[in-house]
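Novice: My structure is in model_31.csv, and what it holds is CSV, C-alpha atoms:
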```csv
chain,number,residue,atom,x,y,z
A,1,GLU,CA,-0.4,43.1,-7.9
A,2,ALA,CA,0.6,39.5,-7.3
A,3,MET,CA,-1.7,38.3,-10.0
A,4,GLY,CA,-0.2,40.8,-12.4
A,5,LYS,CA,3.3,39.4,-11.8
A,6,ARG,CA,2.0,35.8,-12.4
A,7,ILE,CA,0.3,36.8,-15.6
A,8,THR,CA,3.4,38.6,-16.9
A,9,MET,CA,5.5,35.5,-16.1
A,10,TYR,CA,3.0,33.3,-17.9
A,11,HIS,CA,3.1,35.5,-21.1
A,12,GLU,CA,6.9,35.5,-21.0
A,13,ASN,CA,7.1,31.7,-21.2
A,14,VAL,CA,4.0,30.4,-23.0
A,15,SER,CA,5.1,31.1,-26.6
A,16,SER,CA,8.3,29.0,-26.2
A,17,ILE,CA,6.3,26.2,-24.7
A,18,ILE,CA,3.7,26.3,-27.5
A,19,ASP,CA,6.5,26.2,-30.1
A,20,ASN,CA,7.5,22.8,-28.9
A,21,TYR,CA,4.0,21.4,-29.3
A,22,LYS,CA,2.6,23.4,-32.3
A,23,ALA,CA,2.1,20.4,-34.5
A,24,ILE,CA,-0.3,18.9,-31.9
A,25,SER,CA,-1.8,22.1,-30.5
A,26,CYS,CA,-5.3,23.7,-30.6
A,27,SER,CA,-6.3,26.9,-28.9
A,28,PHE,CA,-9.7,27.5,-27.2
A,29,ASP,CA,-11.5,30.7,-26.2
A,30,GLY,CA,-11.5,30.4,-22.4
A,31,THR,CA,-14.1,33.1,-22.1
A,32,LYS,CA,-16.9,31.0,-23.5
A,33,GLY,CA,-19.2,28.7,-21.4
A,34,LYS,CA,-17.5,25.7,-19.8
A,35,GLU,CA,-19.7,23.2,-21.6
A,36,GLU,CA,-18.9,24.8,-25.0
A,37,ILE,CA,-15.2,24.7,-24.2
A,38,ALA,CA,-15.4,21.1,-22.9
A,39,GLU,CA,-17.2,20.0,-26.1
A,40,GLY,CA,-14.5,21.6,-28.3
A,41,ILE,CA,-11.7,19.9,-26.3
A,42,ARG,CA,-13.5,16.5,-26.6
A,43,GLU,CA,-13.8,16.9,-30.4
A,44,PHE,CA,-10.1,17.9,-30.6
A,45,ILE,CA,-9.0,14.8,-28.6
A,46,ALA,CA,-11.4,12.5,-30.4
A,47,ALA,CA,-10.0,13.6,-33.9
A,48,GLY,CA,-6.6,12.1,-33.1
A,49,PRO,CA,-3.2,13.7,-33.8
A,50,PRO,CA,-3.5,16.8,-36.0
A,51,GLY,CA,-2.4,16.3,-39.6
A,52,GLY,CA,-3.3,12.6,-39.7
A,53,ASP,CA,-5.7,10.9,-42.2
A,54,PRO,CA,-9.0,10.5,-40.3
A,55,ALA,CA,-10.0,7.7,-42.7
A,56,ALA,CA,-6.8,5.8,-42.0
A,57,PRO,CA,-7.1,2.8,-39.6
A,58,ALA,CA,-5.7,3.5,-36.2
A,59,ALA,CA,-2.2,2.2,-35.6
A,60,GLU,CA,-2.0,-1.0,-33.6
A,61,ALA,CA,-1.3,0.0,-30.0
A,62,LYS,CA,1.9,-1.4,-28.6
A,63,PRO,CA,1.6,-3.2,-25.3
A,64,ALA,CA,2.6,-0.9,-22.5
A,65,THR,CA,5.8,-1.7,-20.8
A,66,PRO,CA,4.9,-2.7,-17.2
A,67,LEU,CA,6.1,-0.3,-14.6
A,68,PRO,CA,8.5,-1.8,-12.0
A,69,PRO,CA,6.9,-2.5,-8.6
A,70,PRO,CA,7.3,0.3,-6.1
A,71,THR,CA,10.4,0.0,-3.9
A,72,LYS,CA,9.7,-1.2,-0.3
A,73,LYS,CA,10.3,1.4,2.4
A,74,ILE,CA,10.1,-0.6,5.6
A,75,ILE,CA,10.5,0.4,9.3
A,76,ILE,CA,10.8,-2.4,11.8
A,77,ALA,CA,10.2,-1.7,15.5
A,78,GLY,CA,10.2,-3.6,18.7
A,79,ALA,CA,11.6,-3.6,22.2
A,80,PRO,CA,15.3,-4.6,22.7
A,81,ALA,CA,15.7,-8.4,22.2
A,82,SER,CA,12.3,-8.6,20.4
A,83,GLY,CA,14.0,-10.3,17.4
A,84,LYS,CA,14.5,-7.3,15.1
A,85,GLY,CA,18.0,-8.3,14.0
A,86,THR,CA,17.0,-11.8,13.0
A,87,GLN,CA,13.9,-10.6,11.1
A,88,CYS,CA,16.0,-7.9,9.4
A,89,GLU,CA,18.3,-10.5,8.0
A,90,LEU,CA,15.3,-12.6,6.7
A,91,ILE,CA,13.6,-9.5,5.2
A,92,VAL,CA,16.8,-8.5,3.4
A,93,GLU,CA,17.2,-12.0,2.1
A,94,LYS,CA,13.5,-12.1,0.9
A,95,PHE,CA,13.1,-8.6,-0.6
A,96,GLY,CA,16.7,-7.5,-1.4
A,97,VAL,CA,16.2,-4.2,0.4
A,98,VAL,CA,19.1,-2.2,2.0
A,99,HIS,CA,19.3,-2.7,5.8
A,100,ILE,CA,19.9,0.6,7.6
A,101,SER,CA,20.7,1.1,11.2
A,102,THR,CA,21.3,4.6,12.6
A,103,GLY,CA,24.6,3.6,14.2
A,104,ASP,CA,26.0,2.2,10.9
A,105,ALA,CA,24.8,5.3,9.0
A,106,LEU,CA,26.3,7.6,11.6
A,107,ARG,CA,29.7,5.8,11.6
A,108,ALA,CA,29.7,5.8,7.7
A,109,GLU,CA,29.2,9.6,7.6
A,110,VAL,CA,32.0,10.1,10.2
A,111,LYS,CA,34.4,7.8,8.3
A,112,ALA,CA,33.6,9.6,5.0
A,113,GLU,CA,34.4,12.9,6.7
A,114,THR,CA,31.2,14.5,5.4
A,115,GLU,CA,29.8,17.7,6.8
A,116,LEU,CA,27.2,15.8,8.7
A,117,GLY,CA,29.8,13.3,9.9
A,118,ALA,CA,32.0,16.1,11.2
A,119,LYS,CA,29.1,17.5,13.3
A,120,ALA,CA,28.3,14.1,14.7
A,121,LYS,CA,32.0,13.5,15.5
A,122,GLU,CA,32.0,16.8,17.5
A,123,CYS,CA,29.2,15.5,19.6
A,124,MET,CA,30.7,12.1,20.1
A,125,ASP,CA,34.1,13.4,21.0
A,126,ALA,CA,32.5,15.7,23.6
A,127,GLY,CA,30.6,12.8,25.1
A,128,ALA,CA,27.3,14.3,24.1
A,129,LEU,CA,24.3,12.7,22.5
A,130,VAL,CA,23.9,13.3,18.8
A,131,PRO,CA,20.8,15.5,18.4
A,132,ASP,CA,17.7,14.1,16.7
A,133,ASP,CA,17.8,16.5,13.8
A,134,LEU,CA,21.4,15.6,13.0
A,135,ILE,CA,20.7,11.8,13.2
A,136,ILE,CA,17.6,12.2,11.0
A,137,ASN,CA,19.6,14.2,8.4
A,138,ILE,CA,22.2,11.4,8.4
A,139,VAL,CA,19.4,8.9,7.9
A,140,LYS,CA,17.9,11.0,5.1
A,141,SER,CA,21.3,11.3,3.4
A,142,ARG,CA,21.7,7.5,3.5
A,143,LEU,CA,18.2,6.8,2.2
A,144,ALA,CA,18.8,9.1,-0.7
A,145,GLN,CA,21.8,7.0,-2.0
A,146,GLU,CA,21.4,5.0,-5.1
A,147,ASP,CA,21.2,1.6,-3.6
A,148,CYS,CA,18.3,2.6,-1.3
A,149,GLN,CA,16.5,4.4,-4.2
A,150,THR,CA,16.7,1.4,-6.5
A,151,LYS,CA,16.4,-1.5,-4.0
A,152,GLY,CA,14.3,0.0,-1.3
A,153,TRP,CA,15.2,0.2,2.4
A,154,LEU,CA,14.7,-1.3,5.8
A,155,LEU,CA,15.1,1.1,8.7
A,156,ASP,CA,16.0,-0.9,11.8
A,157,GLY,CA,14.5,0.4,15.1
A,158,PHE,CA,14.2,4.0,14.1
A,159,PRO,CA,12.4,6.3,14.9
A,160,ARG,CA,12.4,5.6,18.6
A,161,THR,CA,10.3,8.5,19.8
A,162,GLY,CA,7.3,10.5,18.7
A,163,ALA,CA,9.6,13.6,18.2
A,164,GLN,CA,11.9,11.7,15.9
A,165,ALA,CA,8.9,10.3,13.9
A,166,ASP,CA,7.5,13.9,13.6
A,167,GLU,CA,10.8,15.2,12.4
A,168,MET,CA,11.1,12.4,9.8
A,169,LYS,CA,7.6,13.3,8.6
A,170,GLN,CA,8.6,17.0,8.3
A,171,MET,CA,11.6,16.0,6.3
A,172,GLY,CA,9.5,14.0,3.9
A,173,ILE,CA,10.8,10.5,4.9
A,174,GLU,CA,7.9,8.2,4.4
A,175,ALA,CA,7.6,4.4,4.8
A,176,SER,CA,5.4,1.9,3.0
A,177,HIS,CA,5.3,-0.7,5.8
A,178,PHE,CA,5.7,-0.5,9.5
A,179,VAL,CA,6.4,-3.9,11.2
A,180,LEU,CA,6.0,-4.0,15.0
A,181,LEU,CA,7.2,-7.0,17.0
A,182,GLU,CA,5.4,-7.7,20.2
A,183,VAL,CA,7.1,-9.8,22.9
A,184,PRO,CA,6.2,-10.0,26.7
A,185,ASP,CA,8.6,-8.3,29.0
A,186,GLU,CA,9.7,-11.4,30.9
A,187,ILE,CA,10.7,-13.1,27.6
A,188,LEU,CA,12.6,-10.0,26.6
A,189,VAL,CA,14.7,-10.2,29.8
A,190,GLU,CA,15.4,-13.9,29.3
A,191,ARG,CA,16.5,-13.3,25.7
A,192,CYS,CA,18.8,-10.4,26.6
A,193,GLU,CA,20.6,-12.2,29.4
A,194,GLY,CA,21.6,-14.9,27.0
A,195,ARG,CA,22.6,-12.7,24.1
A,196,ARG,CA,26.2,-12.6,22.9
A,197,SER,CA,27.5,-10.4,20.0
A,198,ASP,CA,30.4,-10.9,17.6
A,199,PRO,CA,32.2,-7.6,17.4
A,200,GLU,CA,34.0,-8.7,14.2
A,201,THR,CA,30.8,-9.6,12.2
A,202,GLY,CA,28.2,-7.7,14.1
A,203,LYS,CA,26.1,-10.9,14.4
A,204,ILE,CA,24.1,-11.4,17.5
A,205,TYR,CA,23.6,-14.9,19.0
A,206,HIS,CA,21.7,-16.4,22.0
A,207,LEU,CA,23.2,-19.1,24.1
A,208,LYS,CA,19.8,-20.9,24.2
A,209,PHE,CA,17.7,-19.8,21.3
A,210,ASN,CA,20.3,-19.1,18.6
A,211,PRO,CA,23.6,-20.6,19.7
A,212,PRO,CA,26.9,-19.4,18.1
A,213,PRO,CA,28.9,-21.7,16.0
A,214,GLU,CA,31.2,-24.1,17.9
A,215,ASP,CA,34.3,-22.4,16.3
A,216,PRO,CA,36.6,-21.7,19.2
A,217,GLU,CA,37.8,-18.5,17.5
A,218,VAL,CA,34.3,-17.1,17.2
A,219,GLN,CA,33.4,-18.2,20.8
A,220,ALA,CA,36.5,-16.5,22.2
A,221,ARG,CA,35.6,-13.1,20.8
A,222,LEU,CA,31.9,-13.1,21.8
A,223,VAL,CA,30.9,-10.1,24.0
A,224,HIS,CA,28.1,-9.9,26.6
A,225,ARG,CA,26.9,-6.2,26.5
A,226,SER,CA,26.9,-4.4,29.7
A,227,ASP,CA,23.3,-3.3,29.2
A,228,ASP,CA,22.1,-6.9,28.6
A,229,THR,CA,21.4,-7.5,32.2
A,230,GLU,CA,18.0,-7.8,34.0
A,231,GLU,CA,18.3,-4.4,35.7
A,232,ALA,CA,19.5,-2.6,32.6
A,233,MET,CA,17.0,-4.4,30.4
A,234,GLY,CA,14.2,-3.3,32.7
A,235,SER,CA,15.1,0.3,32.2
A,236,ARG,CA,15.4,-0.1,28.4
A,237,ILE,CA,12.0,-1.8,28.2
A,238,LYS,CA,10.4,0.9,30.3
A,239,GLN,CA,11.8,3.6,28.0
A,240,TYR,CA,10.6,1.7,24.9
A,241,ASN,CA,7.1,1.3,26.3
A,242,ALA,CA,7.0,5.0,27.1
A,243,ASN,CA,7.6,5.9,23.5
A,244,VAL,CA,6.2,3.2,21.2
A,245,ASP,CA,2.6,4.4,21.2
A,246,ALA,CA,3.6,7.9,20.0
A,247,VAL,CA,5.7,6.4,17.2
A,248,LYS,CA,2.9,4.0,16.2
A,249,GLY,CA,0.6,7.0,15.9
A,250,TYR,CA,2.6,8.3,12.9
A,251,TYR,CA,2.3,5.0,11.0
A,252,LYS,CA,-1.1,3.6,12.0
A,253,ASP,CA,-2.3,3.3,8.4
A,254,ILE,CA,0.7,1.1,7.4
A,255,THR,CA,1.3,-0.9,10.6
A,256,GLN,CA,1.0,-4.6,11.2
A,257,GLU,CA,1.7,-6.0,14.6
A,258,PHE,CA,3.3,-9.5,15.0
A,259,ASP,CA,3.7,-11.9,17.9
A,260,GLY,CA,7.5,-12.1,18.2
A,261,VAL,CA,7.4,-15.3,20.2
A,262,GLY,CA,7.7,-18.6,18.3
A,263,ASP,CA,9.5,-20.0,15.3
A,264,LYS,CA,11.5,-17.3,13.5
A,265,ASN,CA,10.9,-18.7,10.1
A,266,GLU,CA,7.1,-18.9,10.6
A,267,LEU,CA,7.2,-15.3,11.8
A,268,ALA,CA,9.3,-14.3,8.7
A,269,GLU,CA,6.6,-15.8,6.4
A,270,LYS,CA,3.9,-13.7,8.1
A,271,ILE,CA,6.0,-10.6,7.8
A,272,ALA,CA,6.8,-11.3,4.2
A,273,GLY,CA,3.1,-11.7,3.5
A,274,PHE,CA,2.4,-8.2,4.9
A,275,ILE,CA,5.4,-6.6,3.1
A,276,GLY,CA,4.5,-8.3,-0.2
A,277,LYS,CA,1.0,-6.8,-0.4
```
The structure given in the file should be rewritten as structure tokens.
Specialist:
Amino acid sequence: EAMGKRITMYHENVSSIIDNYKAISCSFDGTKGKEEIAEGIREFIAAGPPGGDPAAPAAEAKPATPLPPPTKKIIIAGAPASGKGTQCELIVEKFGVVHISTGDALRAEVKAETELGAKAKECMDAGALVPDDLIINIVKSRLAQEDCQTKGWLLDGFPRTGAQADEMKQMGIEASHFVLLEVPDEILVERCEGRRSDPETGKIYHLKFNPPPEDPEVQARLVHRSDDTEEAMGSRIKQYNANVDAVKGYYKDITQEFDGVGDKNELAEKIAGFIGK
């Protein structure tokens, strides 16, 4: 019964398709042996376009226009204070991809008063966590925008859990490169305690490793986040470690791990070598 419907649909459409290609078409009896059919098809293809002069020299082939390189679709992961922010800046500078953070994407949807943004705002106004499926739909919406489609994208610190990675896979969000920064816990704590952020520019500094400019105006507005303490950082690292293996499992074929301790520019060169493959 189902096959009957499919055959009927085929017959209803095939004639109009053939009409568009009748000058270059040839029909073959599909009930004959496969070798006989294959030989007939080979002869048809070898003869060149129907209607041409077989004695005429073949037209000189034009050089094929090279295809543009595939866009980069990068995920960068690492514990809090592992250096993701710094490396994101350098990756964007090197490859021109669009940097995406879930927080920025969420706030943009709310500001634009989209349907997704309205749902997210309801959660935030109620003091509730925005559910994974809503965040991932927001991410998917952002990645579908023209700049991400033409330039490629860099997804910063997301997905954070195996459940989020699985949901992304189900929604067809696929990456080309997964960059994982590895830093010992004790160094992470040292880094976070010295971190200061500029609420106006969003830039993150470190009093020891990446000092802010000596501009008094900039220094006056720097903020030390409440969760950038040794105790809070311990909890955040523990949560990260509990989830990172599950996330890695979804990207094992495109993952490269990097030692996040050392000179940031040397690390950036290694990451660029991986992404540029």
Novice: Using all atoms listed in the file, which residue out of A:Thr229, A:Ser25, A:Gln170, A:Gln145 lies closest to Gly194 of chain A?
Specialist: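 So, comparing all the options, the nearest one is A:Thr229.
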Novice: Just want the 6 Å neighbourhood of segment 239-243 of chain A, counted on all atoms listed in the file, with same-chain residues fewer than 3 positions away dropped. Output as a PyMOL selection string.
Specialist: chain A and resi 161+236+246
Novice: Could those residues be written to a file, using C-alpha atoms, as a tab-separated table (two decimals), in the coordinates of the input?
Specialist:
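Writing the result to out.tsv gives the following:
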```
chain	number	residue	atom	x	y	z
A	161	THR	CA	10.30	8.50	19.80
A	236	ARG	CA	15.40	-0.10	28.40
A	246	ALA	CA	3.60	7.90	20.00
```
Novice: What's the 12 Å shell around Pro131 of chain A, counting all atoms listed in the file, without same-chain residues fewer than 2 positions away, as a list in words?
Specialist: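 These residues fall inside the cut-off: Leu106, Leu116, Lys119, Ala120, Lys121, Glu122, Cys123, Met124, Ala128, Leu129, Asp133, Leu134, Ile135, Ile136, Asn137, Ile138, Ala163, Gln164 and Glu167 of chain A.
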Novice: I'd like the contact shell of segment 71-88 of chain A - 7 Å cut-off, all atoms listed in the file, skipping same-chain residues fewer than 4 positions apart - returned as a ChimeraX atom specification.
Specialist: /A:92,150-157,175-183,188,191-192,237,240,260,268
Novice: Excluding Thr201 of chain A and any residue of its chain fewer than 3 positions from it, enumerate the residues within 12 Å of it, using only C-alpha atoms, and give them as a VMD selection string.
Specialist: chain A and resid 197 to 198 204 to 205 218 221 to 223
Novice: Kindly save the residues from that selection, with C-alpha atoms included, as an mmCIF file, in the frame of the given file.
Specialist:
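The file below, part_29.cif, is the result:
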```
data_model
loop_
_atom_site.group_PDB
_atom_site.id
_atom_site.type_symbol
_atom_site.label_atom_id
_atom_site.label_comp_id
_atom_site.auth_asym_id
_atom_site.auth_seq_id
_atom_site.Cartn_x
_atom_site.Cartn_y
_atom_site.Cartn_z
ATOM 1 C CA SER A 197 27.500 -10.400 20.000
ATOM 2 C CA ASP A 198 30.400 -10.900 17.600
ATOM 3 C CA ILE A 204 24.100 -11.400 17.500
ATOM 4 C CA TYR A 205 23.600 -14.900 19.000
ATOM 5 C CA VAL A 218 34.300 -17.100 17.200
ATOM 6 C CA ARG A 221 35.600 -13.100 20.800
ATOM 7 C CA LEU A 222 31.900 -13.100 21.800
ATOM 8 C CA VAL A 223 30.900 -10.100 24.000
#
```
